[in-house]
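What follows is query39.txt (compact mmCIF, C-alpha atoms).
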```
# COMPACT_ATOMS: atom_id res chain seq x y z
CA MET S 1 -27.28 44.62 4.21
CA HIS S 2 -25.10 46.24 1.57
CA HIS S 3 -22.20 43.88 2.21
CA ILE S 4 -24.38 40.83 1.57
CA ASP S 5 -25.69 42.23 -1.72
CA VAL S 6 -22.20 42.81 -3.02
CA SER S 7 -21.19 39.24 -2.15
CA ILE S 8 -24.15 37.78 -3.99
CA GLU S 9 -23.38 39.90 -7.03
CA GLN S 10 -19.76 38.70 -6.97
CA ASP S 11 -20.90 35.08 -6.70
CA VAL S 12 -23.00 35.53 -9.84
CA TYR S 13 -20.02 36.86 -11.80
CA ASP S 14 -17.73 34.16 -10.45
CA ALA S 15 -20.14 31.38 -11.40
CA ASN S 16 -20.60 32.92 -14.84
CA ASN S 17 -16.87 33.20 -15.41
CA ARG S 18 -16.18 29.60 -14.41
CA ILE S 19 -18.57 28.45 -17.12
CA ALA S 20 -17.07 30.98 -19.56
CA HIS S 21 -13.61 29.54 -18.96
CA ALA S 22 -14.89 25.99 -19.54
CA THR S 23 -16.40 27.16 -22.85
CA PHE S 24 -13.14 28.86 -23.82
CA GLU S 25 -11.24 25.61 -23.20
CA HIS S 26 -13.86 23.50 -24.96
CA LEU S 27 -13.73 25.74 -28.04
CA ARG S 28 -9.94 25.69 -28.06
CA GLU S 29 -9.91 21.88 -27.96
CA HIS S 30 -12.00 21.98 -31.13
CA GLY S 31 -9.76 24.60 -32.76
CA VAL S 32 -12.47 27.26 -32.62
CA ARG S 33 -11.68 30.93 -31.91
CA ALA S 34 -14.68 32.87 -30.56
CA PHE S 35 -15.41 36.59 -30.66
CA ASP S 36 -18.12 38.36 -28.68
CA LEU S 37 -19.83 41.21 -30.56
CA LEU S 38 -21.22 43.84 -28.21
CA GLY S 39 -23.15 47.01 -28.98
CA ALA S 40 -26.54 48.67 -29.06
CA ILE S 41 -29.51 47.64 -31.14
CA GLY S 42 -28.97 48.98 -34.66
CA SER S 43 -25.21 49.41 -34.31
CA GLY S 44 -24.73 46.91 -37.14
CA LYS S 45 -23.53 43.76 -35.37
CA THR S 46 -25.53 41.37 -37.55
CA SER S 47 -24.62 43.24 -40.74
CA LEU S 48 -20.98 42.98 -39.72
CA VAL S 49 -21.32 39.20 -39.30
CA GLU S 50 -23.04 39.01 -42.71
CA ARG S 51 -20.05 40.76 -44.28
CA LEU S 52 -17.31 39.00 -42.36
CA VAL S 53 -18.56 35.45 -43.05
CA PRO S 54 -17.79 35.58 -46.81
CA MET S 55 -14.53 37.48 -46.18
CA LEU S 56 -13.45 34.67 -43.84
CA LYS S 57 -14.40 32.13 -46.49
CA GLU S 58 -12.07 33.90 -48.96
CA ARG S 59 -9.31 33.41 -46.39
CA GLY S 60 -10.12 29.70 -46.10
CA LEU S 61 -11.80 30.03 -42.70
CA ARG S 62 -15.23 28.65 -41.81
CA ALA S 63 -17.46 30.88 -39.68
CA GLY S 64 -20.26 29.98 -37.30
CA ALA S 65 -22.46 32.14 -35.11
CA ILE S 66 -24.61 32.37 -32.03
CA ALA S 67 -27.34 34.99 -32.43
CA GLY S 68 -28.32 36.47 -29.08
CA ASP S 69 -31.61 38.31 -28.71
CA VAL S 70 -34.27 38.68 -26.05
CA TYR S 71 -36.88 37.30 -28.40
CA GLY S 72 -37.35 36.24 -32.01
CA GLU S 73 -35.28 34.89 -34.88
CA ASP S 74 -34.59 38.02 -36.96
CA ASP S 75 -30.81 38.12 -36.58
CA PHE S 76 -30.58 34.32 -36.57
CA GLN S 77 -32.30 34.04 -39.94
CA ARG S 78 -30.05 36.70 -41.47
CA ILE S 79 -26.94 34.84 -40.33
CA LEU S 80 -28.29 31.48 -41.51
CA ALA S 81 -28.73 33.03 -44.95
CA THR S 82 -24.95 33.51 -45.16
CA GLY S 83 -24.60 29.72 -45.10
CA ALA S 84 -22.81 29.71 -41.74
CA PRO S 85 -24.02 27.24 -39.10
CA ALA S 86 -25.82 29.25 -36.43
CA VAL S 87 -27.77 28.83 -33.22
CA ASN S 88 -30.46 31.20 -31.97
CA ALA S 89 -30.08 32.11 -28.29
CA ASN S 90 -33.12 33.87 -26.87
CA THR S 91 -32.64 35.18 -23.36
CA GLY S 92 -36.40 35.39 -22.70
CA LYS S 93 -36.20 38.51 -20.61
CA GLU S 94 -32.55 39.04 -19.80
CA CYS S 95 -30.77 42.02 -21.35
CA HIS S 96 -27.51 40.16 -22.03
CA LEU S 97 -26.15 36.73 -22.88
CA ASP S 98 -24.54 34.80 -20.05
CA ALA S 99 -22.00 32.01 -20.09
CA HIS S 100 -24.55 29.31 -19.29
CA LEU S 101 -26.77 30.20 -22.24
CA VAL S 102 -23.74 30.32 -24.54
CA GLN S 103 -22.49 26.97 -23.24
CA HIS S 104 -25.75 25.35 -24.33
CA ALA S 105 -25.73 27.16 -27.67
CA VAL S 106 -22.19 25.89 -28.30
CA GLU S 107 -23.38 22.31 -27.67
CA LYS S 108 -25.72 22.66 -30.65
CA LEU S 109 -23.02 23.83 -33.07
CA PRO S 110 -20.97 21.54 -35.35
CA LEU S 111 -17.69 22.74 -33.82
CA ASP S 112 -15.52 20.61 -36.08
CA GLU S 113 -16.87 22.50 -39.08
CA ILE S 114 -16.15 25.93 -37.57
CA ASP S 115 -12.90 27.90 -37.27
CA ILE S 116 -14.27 31.29 -36.18
CA LEU S 117 -17.34 31.69 -33.97
CA PHE S 118 -19.13 35.01 -33.69
CA ILE S 119 -21.25 35.41 -30.59
CA GLU S 120 -23.62 38.29 -31.21
CA ASN S 121 -24.76 39.63 -27.87
CA VAL S 122 -28.14 41.18 -27.10
CA GLY S 123 -28.24 44.81 -28.28
CA ASN S 124 -27.27 46.68 -25.13
CA MET S 125 -24.25 48.78 -24.20
CA VAL S 126 -24.37 48.25 -20.46
CA CYS S 127 -25.44 44.87 -19.11
CA PRO S 128 -23.38 42.51 -21.34
CA THR S 129 -20.15 44.13 -20.14
CA ASP S 130 -19.86 42.16 -16.89
CA PHE S 131 -20.75 38.78 -18.36
CA GLN S 132 -17.82 37.11 -20.07
CA LEU S 133 -18.85 34.32 -22.43
CA GLY S 134 -15.59 32.51 -23.17
CA ALA S 135 -14.64 34.54 -26.22
CA GLU S 136 -11.01 35.22 -27.05
CA LYS S 137 -11.72 38.89 -27.81
CA ARG S 138 -14.65 41.24 -27.36
CA ILE S 139 -15.54 43.60 -30.18
CA VAL S 140 -17.70 46.61 -29.29
CA VAL S 141 -19.63 48.17 -32.17
CA VAL S 142 -21.09 51.67 -32.07
CA SER S 143 -22.85 53.56 -34.83
CA THR S 144 -22.57 57.22 -35.81
CA THR S 145 -26.36 57.35 -35.49
CA GLU S 146 -26.01 56.87 -31.73
CA GLY S 147 -24.54 60.37 -31.42
CA ASP S 148 -20.94 61.38 -30.94
CA ASP S 149 -21.29 61.22 -27.15
CA VAL S 150 -21.90 57.46 -27.31
CA ALA S 151 -18.42 56.41 -26.21
CA ASN S 152 -18.23 59.08 -23.51
CA LYS S 153 -21.39 57.67 -21.94
CA HIS S 154 -20.15 54.07 -21.80
CA PRO S 155 -16.70 53.83 -20.21
CA MET S 156 -17.07 50.27 -18.93
CA ILE S 157 -17.80 48.55 -22.23
CA PHE S 158 -14.71 50.13 -23.83
CA ARG S 159 -12.50 49.24 -20.89
CA ALA S 160 -13.77 45.64 -20.98
CA SER S 161 -13.45 45.09 -24.73
CA THR S 162 -10.53 44.41 -27.06
CA ILE S 163 -11.46 46.04 -30.36
CA ALA S 164 -13.79 48.97 -31.17
CA VAL S 165 -15.75 49.58 -34.36
CA ILE S 166 -17.32 52.94 -35.24
CA ASN S 167 -19.86 51.90 -37.84
CA LYS S 168 -22.05 53.73 -40.37
CA THR S 169 -19.41 56.38 -41.01
CA ASP S 170 -21.23 57.11 -44.29
CA LEU S 171 -24.07 58.59 -42.21
CA ALA S 172 -21.83 60.70 -39.95
CA ASP S 173 -22.42 63.98 -41.77
CA ALA S 174 -26.15 63.36 -42.16
CA VAL S 175 -26.60 62.75 -38.43
CA GLY S 176 -24.07 65.38 -37.32
CA CYS S 177 -21.69 62.91 -35.69
CA ASN S 178 -18.08 63.94 -35.14
CA VAL S 179 -16.33 60.58 -35.62
CA ASP S 180 -13.05 61.97 -34.27
CA ARG S 181 -14.74 62.82 -30.99
CA VAL S 182 -16.03 59.25 -30.65
CA GLU S 183 -12.54 57.93 -31.36
CA GLN S 184 -10.88 60.27 -28.84
CA ASP S 185 -13.43 59.33 -26.18
CA ILE S 186 -12.63 55.65 -26.76
CA TYR S 187 -8.89 56.32 -26.28
CA ARG S 188 -9.69 58.17 -23.06
CA TYR S 189 -11.10 54.93 -21.65
CA ASN S 190 -8.80 52.49 -23.43
CA PRO S 191 -5.70 54.28 -24.79
CA SER S 192 -4.28 51.35 -26.78
CA MET S 193 -7.55 50.08 -28.23
CA PRO S 194 -7.56 49.31 -31.96
CA VAL S 195 -10.40 51.40 -33.44
CA PHE S 196 -11.86 50.77 -36.90
CA LYS S 197 -14.17 53.10 -38.78
CA THR S 198 -16.46 51.06 -40.94
CA ASN S 199 -19.09 51.66 -43.50
CA LEU S 200 -20.76 48.54 -44.71
CA ARG S 201 -21.67 50.12 -48.04
CA THR S 202 -18.06 50.50 -49.14
CA GLU S 203 -16.07 47.93 -47.11
CA SER S 204 -13.83 50.75 -45.86
CA ASP S 205 -11.51 49.31 -43.20
CA LEU S 206 -13.31 45.92 -43.03
CA ASN S 207 -10.22 44.02 -44.12
CA ASN S 208 -8.11 45.78 -41.49
CA LEU S 209 -10.72 44.95 -38.88
CA LEU S 210 -10.66 41.30 -39.86
CA ASP S 211 -6.84 41.27 -39.69
CA GLU S 212 -7.02 42.59 -36.13
CA ILE S 213 -9.73 40.10 -35.12
CA LEU S 214 -7.62 37.20 -36.39
CA ARG S 215 -4.29 38.48 -35.04
CA MET X 1 -19.06 66.34 -1.74
CA HIS X 2 -18.81 62.76 -2.92
CA HIS X 3 -19.87 63.69 -6.44
CA ILE X 4 -17.05 66.22 -6.79
CA ASP X 5 -14.43 63.73 -5.59
CA VAL X 6 -15.47 61.18 -8.16
CA SER X 7 -15.27 63.81 -10.93
CA ILE X 8 -11.75 64.80 -9.96
CA GLU X 9 -10.68 61.17 -9.89
CA GLN X 10 -12.17 60.66 -13.35
CA ASP X 11 -10.37 63.76 -14.66
CA VAL X 12 -7.06 62.33 -13.47
CA TYR X 13 -7.65 59.06 -15.33
CA ASP X 14 -8.84 60.88 -18.44
CA ALA X 15 -5.78 63.14 -18.53
CA ASN X 16 -3.52 60.14 -17.96
CA ASN X 17 -5.16 58.16 -20.74
CA ARG X 18 -4.90 60.99 -23.27
CA ILE X 19 -1.14 61.02 -22.74
CA ALA X 20 -1.05 57.21 -22.84
CA HIS X 21 -2.77 57.24 -26.22
CA ALA X 22 -0.31 59.83 -27.56
CA THR X 23 2.55 57.57 -26.40
CA PHE X 24 0.92 54.54 -28.03
CA GLU X 25 0.69 56.43 -31.35
CA HIS X 26 4.22 57.82 -31.03
CA LEU X 27 5.63 54.34 -30.43
CA ARG X 28 3.66 52.89 -33.33
CA GLU X 29 5.05 55.58 -35.66
CA HIS X 30 8.51 54.36 -34.71
CA GLY X 31 7.57 50.70 -35.14
CA VAL X 32 7.87 49.98 -31.41
CA ARG X 33 5.51 47.60 -29.61
CA ALA X 34 5.32 48.24 -25.86
CA PHE X 35 4.36 45.88 -23.03
CA ASP X 36 3.59 46.92 -19.46
CA LEU X 37 4.85 44.47 -16.82
CA LEU X 38 2.78 44.62 -13.63
CA GLY X 39 3.15 42.71 -10.39
CA ALA X 40 4.36 42.83 -6.81
CA ILE X 41 7.90 43.39 -5.66
CA GLY X 42 9.76 40.11 -6.01
CA SER X 43 7.37 38.57 -8.51
CA GLY X 44 10.20 38.37 -11.03
CA LYS X 45 9.45 41.20 -13.49
CA THR X 46 13.07 42.26 -13.90
CA SER X 47 14.30 38.65 -14.13
CA LEU X 48 11.71 38.07 -16.84
CA VAL X 49 13.02 41.06 -18.80
CA GLU X 50 16.59 39.76 -18.36
CA ARG X 51 15.54 36.44 -19.89
CA LEU X 52 13.30 37.78 -22.64
CA VAL X 53 15.86 40.27 -24.01
CA PRO X 54 18.26 37.59 -25.34
CA MET X 55 15.32 35.42 -26.49
CA LEU X 56 14.07 38.36 -28.53
CA LYS X 57 17.55 38.84 -29.96
CA GLU X 58 17.52 35.23 -31.16
CA ARG X 59 14.30 36.09 -33.00
CA GLY X 60 15.93 39.14 -34.59
CA LEU X 61 14.10 41.64 -32.38
CA ARG X 62 15.76 44.46 -30.45
CA ALA X 63 14.45 45.08 -26.93
CA GLY X 64 14.47 48.24 -24.84
CA ALA X 65 13.14 48.93 -21.37
CA ILE X 66 11.86 51.49 -18.94
CA ALA X 67 12.57 50.49 -15.35
CA GLY X 68 9.99 51.91 -12.98
CA ASP X 69 10.72 52.12 -9.28
CA VAL X 70 9.97 54.51 -6.46
CA TYR X 71 13.67 55.02 -5.84
CA GLY X 72 17.04 53.72 -6.92
CA GLU X 73 18.66 52.09 -9.93
CA ASP X 74 18.68 48.40 -8.97
CA ASP X 75 16.36 47.12 -11.70
CA PHE X 76 17.69 49.66 -14.19
CA GLN X 77 21.27 48.44 -13.81
CA ARG X 78 20.22 44.79 -14.19
CA ILE X 79 18.43 45.58 -17.45
CA LEU X 80 21.33 47.69 -18.76
CA ALA X 81 23.58 44.67 -18.20
CA THR X 82 21.57 42.77 -20.82
CA GLY X 83 22.78 45.28 -23.40
CA ALA X 84 19.30 46.68 -24.03
CA PRO X 85 18.88 50.46 -24.05
CA ALA X 86 17.03 51.40 -20.88
CA VAL X 87 15.77 54.42 -18.96
CA ASN X 88 15.33 54.58 -15.22
CA ALA X 89 11.99 56.06 -14.14
CA ASN X 90 11.83 56.90 -10.46
CA THR X 91 8.42 57.98 -9.24
CA GLY X 92 9.82 59.67 -6.12
CA LYS X 93 6.93 58.70 -3.92
CA GLU X 94 4.19 57.45 -6.20
CA CYS X 95 3.27 53.76 -6.05
CA HIS X 96 2.79 53.38 -9.80
CA LEU X 97 4.03 54.69 -13.13
CA ASP X 98 1.78 57.14 -14.92
CA ALA X 99 1.55 58.08 -18.58
CA HIS X 100 3.32 61.41 -18.13
CA LEU X 101 6.40 59.85 -16.54
CA VAL X 102 6.50 57.17 -19.25
CA GLN X 103 6.14 59.81 -21.98
CA HIS X 104 9.30 61.52 -20.73
CA ALA X 105 11.13 58.21 -20.35
CA VAL X 106 10.24 57.33 -23.95
CA GLU X 107 11.76 60.64 -25.11
CA LYS X 108 15.11 59.47 -23.77
CA LEU X 109 15.08 56.13 -25.62
CA PRO X 110 16.61 55.52 -29.07
CA LEU X 111 13.26 54.37 -30.50
CA ASP X 112 14.64 53.63 -33.94
CA GLU X 113 16.92 51.01 -32.40
CA ILE X 114 14.07 49.28 -30.51
CA ASP X 115 11.38 46.86 -31.69
CA ILE X 116 9.97 45.72 -28.35
CA LEU X 117 9.77 47.98 -25.30
CA PHE X 118 9.22 46.54 -21.83
CA ILE X 119 7.82 48.99 -19.30
CA GLU X 120 8.45 47.54 -15.88
CA ASN X 121 5.99 49.10 -13.48
CA VAL X 122 6.57 49.79 -9.79
CA GLY X 123 6.15 46.60 -7.75
CA ASN X 124 2.53 46.89 -6.64
CA MET X 125 -0.56 44.84 -7.44
CA VAL X 126 -3.15 47.56 -6.88
CA CYS X 127 -2.30 51.13 -7.86
CA PRO X 128 -0.80 50.60 -11.35
CA THR X 129 -4.04 48.98 -12.54
CA ASP X 130 -5.90 52.21 -13.27
CA PHE X 131 -3.01 53.98 -14.99
CA GLN X 132 -2.62 52.95 -18.60
CA LEU X 133 0.79 53.83 -20.05
CA GLY X 134 0.32 53.38 -23.80
CA ALA X 135 1.37 49.74 -23.92
CA GLU X 136 -0.19 47.36 -26.43
CA LYS X 137 -0.63 44.64 -23.80
CA ARG X 138 -0.32 44.42 -20.05
CA ILE X 139 1.38 41.41 -18.51
CA VAL X 140 0.67 40.70 -14.84
CA VAL X 141 3.29 38.60 -13.03
CA VAL X 142 2.62 36.81 -9.75
CA SER X 143 4.92 34.48 -7.86
CA THR X 144 4.11 31.26 -6.04
CA THR X 145 5.82 32.82 -3.01
CA GLU X 146 2.96 35.32 -2.76
CA GLY X 147 0.61 32.54 -1.65
CA ASP X 148 -2.05 30.75 -3.67
CA ASP X 149 -4.66 33.32 -2.67
CA VAL X 150 -2.77 36.05 -4.56
CA ALA X 151 -5.05 36.12 -7.61
CA ASN X 152 -8.22 35.85 -5.55
CA LYS X 153 -7.21 39.00 -3.67
CA HIS X 154 -6.58 41.10 -6.78
CA PRO X 155 -9.51 40.94 -9.20
CA MET X 156 -8.93 44.30 -10.84
CA ILE X 157 -5.37 43.75 -12.06
CA PHE X 158 -6.39 40.49 -13.76
CA ARG X 159 -9.44 42.05 -15.37
CA ALA X 160 -7.34 44.97 -16.62
CA SER X 161 -4.44 42.93 -18.01
CA THR X 162 -3.95 40.84 -21.14
CA ILE X 163 -1.58 38.04 -20.15
CA ALA X 164 -0.85 36.42 -16.76
CA VAL X 165 2.36 34.80 -15.59
CA ILE X 166 2.57 32.54 -12.53
CA ASN X 167 6.27 32.64 -11.80
CA LYS X 168 8.64 30.66 -9.56
CA THR X 169 6.71 27.42 -10.06
CA ASP X 170 9.88 25.60 -8.95
CA LEU X 171 9.23 26.95 -5.43
CA ALA X 172 5.53 26.03 -5.35
CA ASP X 173 5.96 22.88 -3.27
CA ALA X 174 8.45 24.48 -0.91
CA VAL X 175 6.10 27.38 -0.13
CA GLY X 176 2.92 25.28 -0.21
CA CYS X 177 1.38 27.07 -3.18
CA ASN X 178 -1.33 25.32 -5.17
CA VAL X 179 -0.60 26.66 -8.66
CA ASP X 180 -3.88 25.27 -10.01
CA ARG X 181 -5.80 27.34 -7.50
CA VAL X 182 -4.02 30.50 -8.63
CA GLU X 183 -4.82 29.65 -12.25
CA GLN X 184 -8.49 28.94 -11.53
CA ASP X 185 -8.81 32.21 -9.61
CA ILE X 186 -7.39 34.09 -12.59
CA TYR X 187 -9.96 32.48 -14.91
CA ARG X 188 -12.70 33.48 -12.48
CA TYR X 189 -11.80 37.13 -13.09
CA ASN X 190 -10.73 36.83 -16.73
CA PRO X 191 -12.00 33.58 -18.26
CA SER X 192 -10.11 33.83 -21.58
CA MET X 193 -6.80 35.07 -20.18
CA PRO X 194 -3.67 33.32 -21.45
CA VAL X 195 -1.85 32.05 -18.32
CA PHE X 196 1.78 30.92 -18.35
CA LYS X 197 3.53 29.03 -15.58
CA THR X 198 7.16 29.99 -15.56
CA ASN X 199 10.25 29.04 -13.75
CA LEU X 200 13.26 31.08 -14.66
CA ARG X 201 15.63 28.28 -13.73
CA THR X 202 14.44 25.96 -16.48
CA GLU X 203 12.83 28.22 -19.12
CA SER X 204 9.63 26.18 -18.82
CA ASP X 205 6.94 27.92 -20.88
CA LEU X 206 9.06 31.04 -21.56
CA ASN X 207 8.99 30.51 -25.31
CA ASN X 208 5.21 30.10 -25.27
CA LEU X 209 4.92 33.28 -23.23
CA LEU X 210 7.04 35.17 -25.74
CA ASP X 211 4.91 33.83 -28.61
CA GLU X 212 1.80 35.17 -26.89
CA ILE X 213 3.39 38.55 -26.14
CA LEU X 214 4.36 38.96 -29.80
CA ARG X 215 1.11 37.61 -31.24
```
Produce structure tokens that represent the structure in this file.
Amino acid sequence: MHHIDVSIEQDVYDANNRIAHATFEHLREHGVRAFDLLGAIGSGKTSLVERLVPMLKERGLRAGAIAGDVYGEDDFQRILATGAPAVNANTGKECHLDAHLVQHAVEKLPLDEIDILFIENVGNMVCPTDFQLGAEKRIVVVSTTEGDDVANKHPMIFRASTIAVINKTDLADAVGCNVDRVEQDIYRYNPSMPVFKTNLRTESDLNNLLDEILR
Amino acid sequence: MHHIDVSIEQDVYDANNRIAHATFEHLREHGVRAFDLLGAIGSGKTSLVERLVPMLKERGLRAGAIAGDVYGEDDFQRILATGAPAVNANTGKECHLDAHLVQHAVEKLPLDEIDILFIENVGNMVCPTDFQLGAEKRIVVVSTTEGDDVANKHPMIFRASTIAVINKTDLADAVGCNVDRVEQDIYRYNPSMPVFKTNLRTESDLNNLLDEILR
């Protein structure tokens, strides 16, 4: 029966990716560039969006967001408070966004008022990896509080993403995290990956990160 | 014993990727951006390099190349004829370049006279996929003569690459290749992948491809 299971799994990914490609095209037609933010709960994805929205505004770019969570409006309300148009996408019980959910979220956004769309995935370092959403790049965010073995434990998400962020570097000493080890582990899985060390208290490296996102 | 085999395989990739990252950093220090060209024998990788070298020159950029092959100097001599500095990298019997071989090839190049380095992999759509070389982007080239099921058969190389080229579109009708099917199969594996349809007789889309490579 193993062969049949694998086929069904592949069909699920294929169907997801067809929708993801349609979303990618739809966004491009409206001049919107989308970026998928992946990472564990507490890695700082929402805080990053909160900081990047005004930085984009300074560069003359209008941000929008889709806030993905299993349940609730916590992240959604924080993003709304930045003034960016946002849609809340609750998965109900699923541990990741999928292309179909994102397609419907996109329908609710005023695309002609958005240049850059952040899609904040459900906090999870495993399951979102295989579900493309139609984003131009995928940004994986880890935090020093997750331990310096965090990258080593998650090869697939680093192989399947475009940009890596090691966040909360200001807490590295307090939590005993060797940031260099995290960085070296990332390069072991993705040798040419751009890696940014951020610290949302001091804006260290945030401008460089935004340059790379927009490149 | 299965567990041990998997560990050894992982060690090989890890060791390869550490060298690939060192190469990536070394190239960056010299202001060189590298691009890995992947694809089957006859897909047109060398012809693409021959065309892109003078186009880069028109844009004020100096190209260099590493020509990867199991044996012989055929591709190497064609690239040398463009005037670009090049190194021949024969694998001897291996079906793909690895980071160690590329590291030594890079040592032989005049890096301070190169802005853009093409690394032409061994013609093979499977084995090179898992061996990163330190390139900023990976460009996978397929030809209409490979049949319109070519992308469908090779999910991994499209997932692990950055840009796709469907080459020899001028032969599509003659060989009965449905180019749209190839393109849709690529999106099924990598929904946001930039895909270029090229035809080295007429330069169709070559400038757009070069824009995307340099982005």
Could you tell me which residues of chain S sit within 9 Å of chain X when counting all atoms listed in the file, and give me the result as a short mmCIF file (atom, residue, chain, number, x, y, z; two decimals) with C-alpha atoms, keeping the file's coordinate frame?
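Saved to part.cif:
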```
data_model
loop_
_atom_site.label_atom_id
_atom_site.label_comp_id
_atom_site.auth_asym_id
_atom_site.auth_seq_id
_atom_site.Cartn_x
_atom_site.Cartn_y
_atom_site.Cartn_z
CA TYR S 13 -20.02 36.86 -11.80
CA ASP S 14 -17.73 34.16 -10.45
CA ALA S 15 -20.14 31.38 -11.40
CA ASN S 16 -20.60 32.92 -14.84
CA ASN S 17 -16.87 33.20 -15.41
CA ARG S 18 -16.18 29.60 -14.41
CA ILE S 19 -18.57 28.45 -17.12
CA ALA S 20 -17.07 30.98 -19.56
CA HIS S 21 -13.61 29.54 -18.96
CA ALA S 22 -14.89 25.99 -19.54
CA PHE S 24 -13.14 28.86 -23.82
CA GLU S 25 -11.24 25.61 -23.20
CA GLN S 132 -17.82 37.11 -20.07
CA LEU S 133 -18.85 34.32 -22.43
CA GLY S 134 -15.59 32.51 -23.17
CA ALA S 135 -14.64 34.54 -26.22
CA GLU S 136 -11.01 35.22 -27.05
CA LYS S 137 -11.72 38.89 -27.81
CA ARG S 159 -12.50 49.24 -20.89
CA ALA S 160 -13.77 45.64 -20.98
CA GLN S 184 -10.88 60.27 -28.84
CA TYR S 187 -8.89 56.32 -26.28
CA ARG S 188 -9.69 58.17 -23.06
CA TYR S 189 -11.10 54.93 -21.65
CA ASN S 190 -8.80 52.49 -23.43
CA PRO S 191 -5.70 54.28 -24.79
CA SER S 192 -4.28 51.35 -26.78
CA MET S 193 -7.55 50.08 -28.23
CA ARG S 215 -4.29 38.48 -35.04
#
```
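Comparing S:Ala65, S:Ser161, S:Asp211, S:Asn199 by their smallest distance to Glu113 of chain S, the closest is S:Ala65 (using all atoms listed in the file).
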| task | Mind checking which residues fall within 9 Å of Ile163 of chain X, counting only C-alpha atoms, ignoring those fewer than 6 positions away in the same chain, and posting them as a list of chain:residue names? | result |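 The neighbour list is X:Lys137, X:Arg138, X:Ile139, X:Val140, X:Val141, X:Met193, X:Pro194, X:Val195, X:Phe196, X:Leu209, X:Glu212, X:Ile213.
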Could you write out the selected residues, including C-alpha atoms, as a CSV table (one decimal), keeping the file's coordinate frame?
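Written file, part-v1.csv:
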```
chain,number,residue,atom,x,y,z
X,137,LYS,CA,-0.6,44.6,-23.8
X,138,ARG,CA,-0.3,44.4,-20.0
X,139,ILE,CA,1.4,41.4,-18.5
X,140,VAL,CA,0.7,40.7,-14.8
X,141,VAL,CA,3.3,38.6,-13.0
X,193,MET,CA,-6.8,35.1,-20.2
X,194,PRO,CA,-3.7,33.3,-21.4
X,195,VAL,CA,-1.8,32.0,-18.3
X,196,PHE,CA,1.8,30.9,-18.4
X,209,LEU,CA,4.9,33.3,-23.2
X,212,GLU,CA,1.8,35.2,-26.9
X,213,ILE,CA,3.4,38.6,-26.1
```
request  = For each of S:Leu206, S:Ala164, S:Ala105, S:Val175, take the minimum atom-to-atom distance to Val53 of chain S, counting all atoms listed in the file, then give the residue where this is smallest.
outcome  =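 Between S:Leu206, S:Ala164, S:Ala105, S:Val175, the residue approaching Val53 of chain S most closely is S:Leu206.
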**OP:** Enter the distance from atom CA of Lys168 of chain X to atom CA of Arg78 of chain X, in Å, rounded to one decimal.
**Re:**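 Computed distance, atom CA of Lys168 of chain X to atom CA of Arg78 of chain X, equals 18.8 Å.
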| field | Residues within 6 Å of (13.1, 57.6, -11.3), file coords, only C-alpha atoms, listed as a list in words | value | Asn88, Ala89, Asn90 and Thr91 of chain X
query: If I put a ball of radius 12 Å at (17.3, 61.5, -22.5) in the file's coordinates, which residues poke into it when counting only C-alpha atoms, written as an MDAnalysis selection string?
result: chainID X and resid 66 85:89 103:111
### Task
Could you jot down the atom CA of Thr144 of chain X to atom CA of Gly39 of chain X separation for me, Å, one decimal place?
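Atom CA of Thr144 of chain X sits 12.3 Å away from atom CA of Gly39 of chain X.
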